[in-house]
Amino acid sequence: LLPERAVSGDPAALRLLVESVVAPLEAAGGELLRTLGAYLEGGSALEACARALFVHPNTVRYRLRRVSELTGRSPSDPRDALVLRTGLLAGRLAAPASPLTPP
């Protein structure tokens, strides 16, 4: 129930999501975070994600496989996608405010 706890405001759950989702993806490079965000926000449509990122669909497949390896969560599994999406949101909330960060 990690995403549910995070959404209800549990600071430990928020911290765990950031540590288990955002931190490993940031350490591997920003492209994995960007790809995961585009994939989830695009309704988990691989081709649409590739077009949005201006990359080949195989590149998206490779990056999503790396996301799975690093986080232990598969973006194509509905429950894991919820955890990953909530982790991305927690990471955005935890990030310091920047004039370039969208609200």
# chains A, B, ... in the order shown; residues from 1 in each chain; ligands from 1
call {"tool": "residues_around", "arguments": {"residues": "region 77-81 of chain A", "least_positions_apart": "4", "cutoff": "12 Å", "atoms": "only C-alpha atoms", "output": "count of residues only"}}
result
23
call {"tool": "residues_around", "arguments": {"residues": "Thr35 (chain A)", "least_positions_apart": "3", "cutoff": "9 Å", "atoms": "only C-alpha atoms", "output": "list in words"}}
result
Gly30, Glu31, Leu32, Ala38, Tyr39, Leu40, Cys49, Ala50, Leu53, Val60, Arg63 and Leu64 of chain A
call {"tool": "closest_residue", "arguments": {"among": "A:Leu14, A:Ala45, A:Pro24, A:Asn58", "to": "Arg92 (chain A)", "atoms": "only C-alpha atoms"}}
result
A:Leu14
call {"tool": "residues_around", "arguments": {"residues": "Arg65 (chain A)", "least_positions_apart": "4", "cutoff": "9 Å", "atoms": "only C-alpha atoms", "output": "list in words"}}
result
Val60, Arg61, Glu69, Leu70, Ser74 and Pro75 of chain A
call {"tool": "select_by_dssp", "arguments": {"residues": "chain A", "states": "helix (DSSP H, G or I)", "output": "ChimeraX atom specification"}}
result
/A:2-7,11-27,30-41,46-53,57-71,78-94
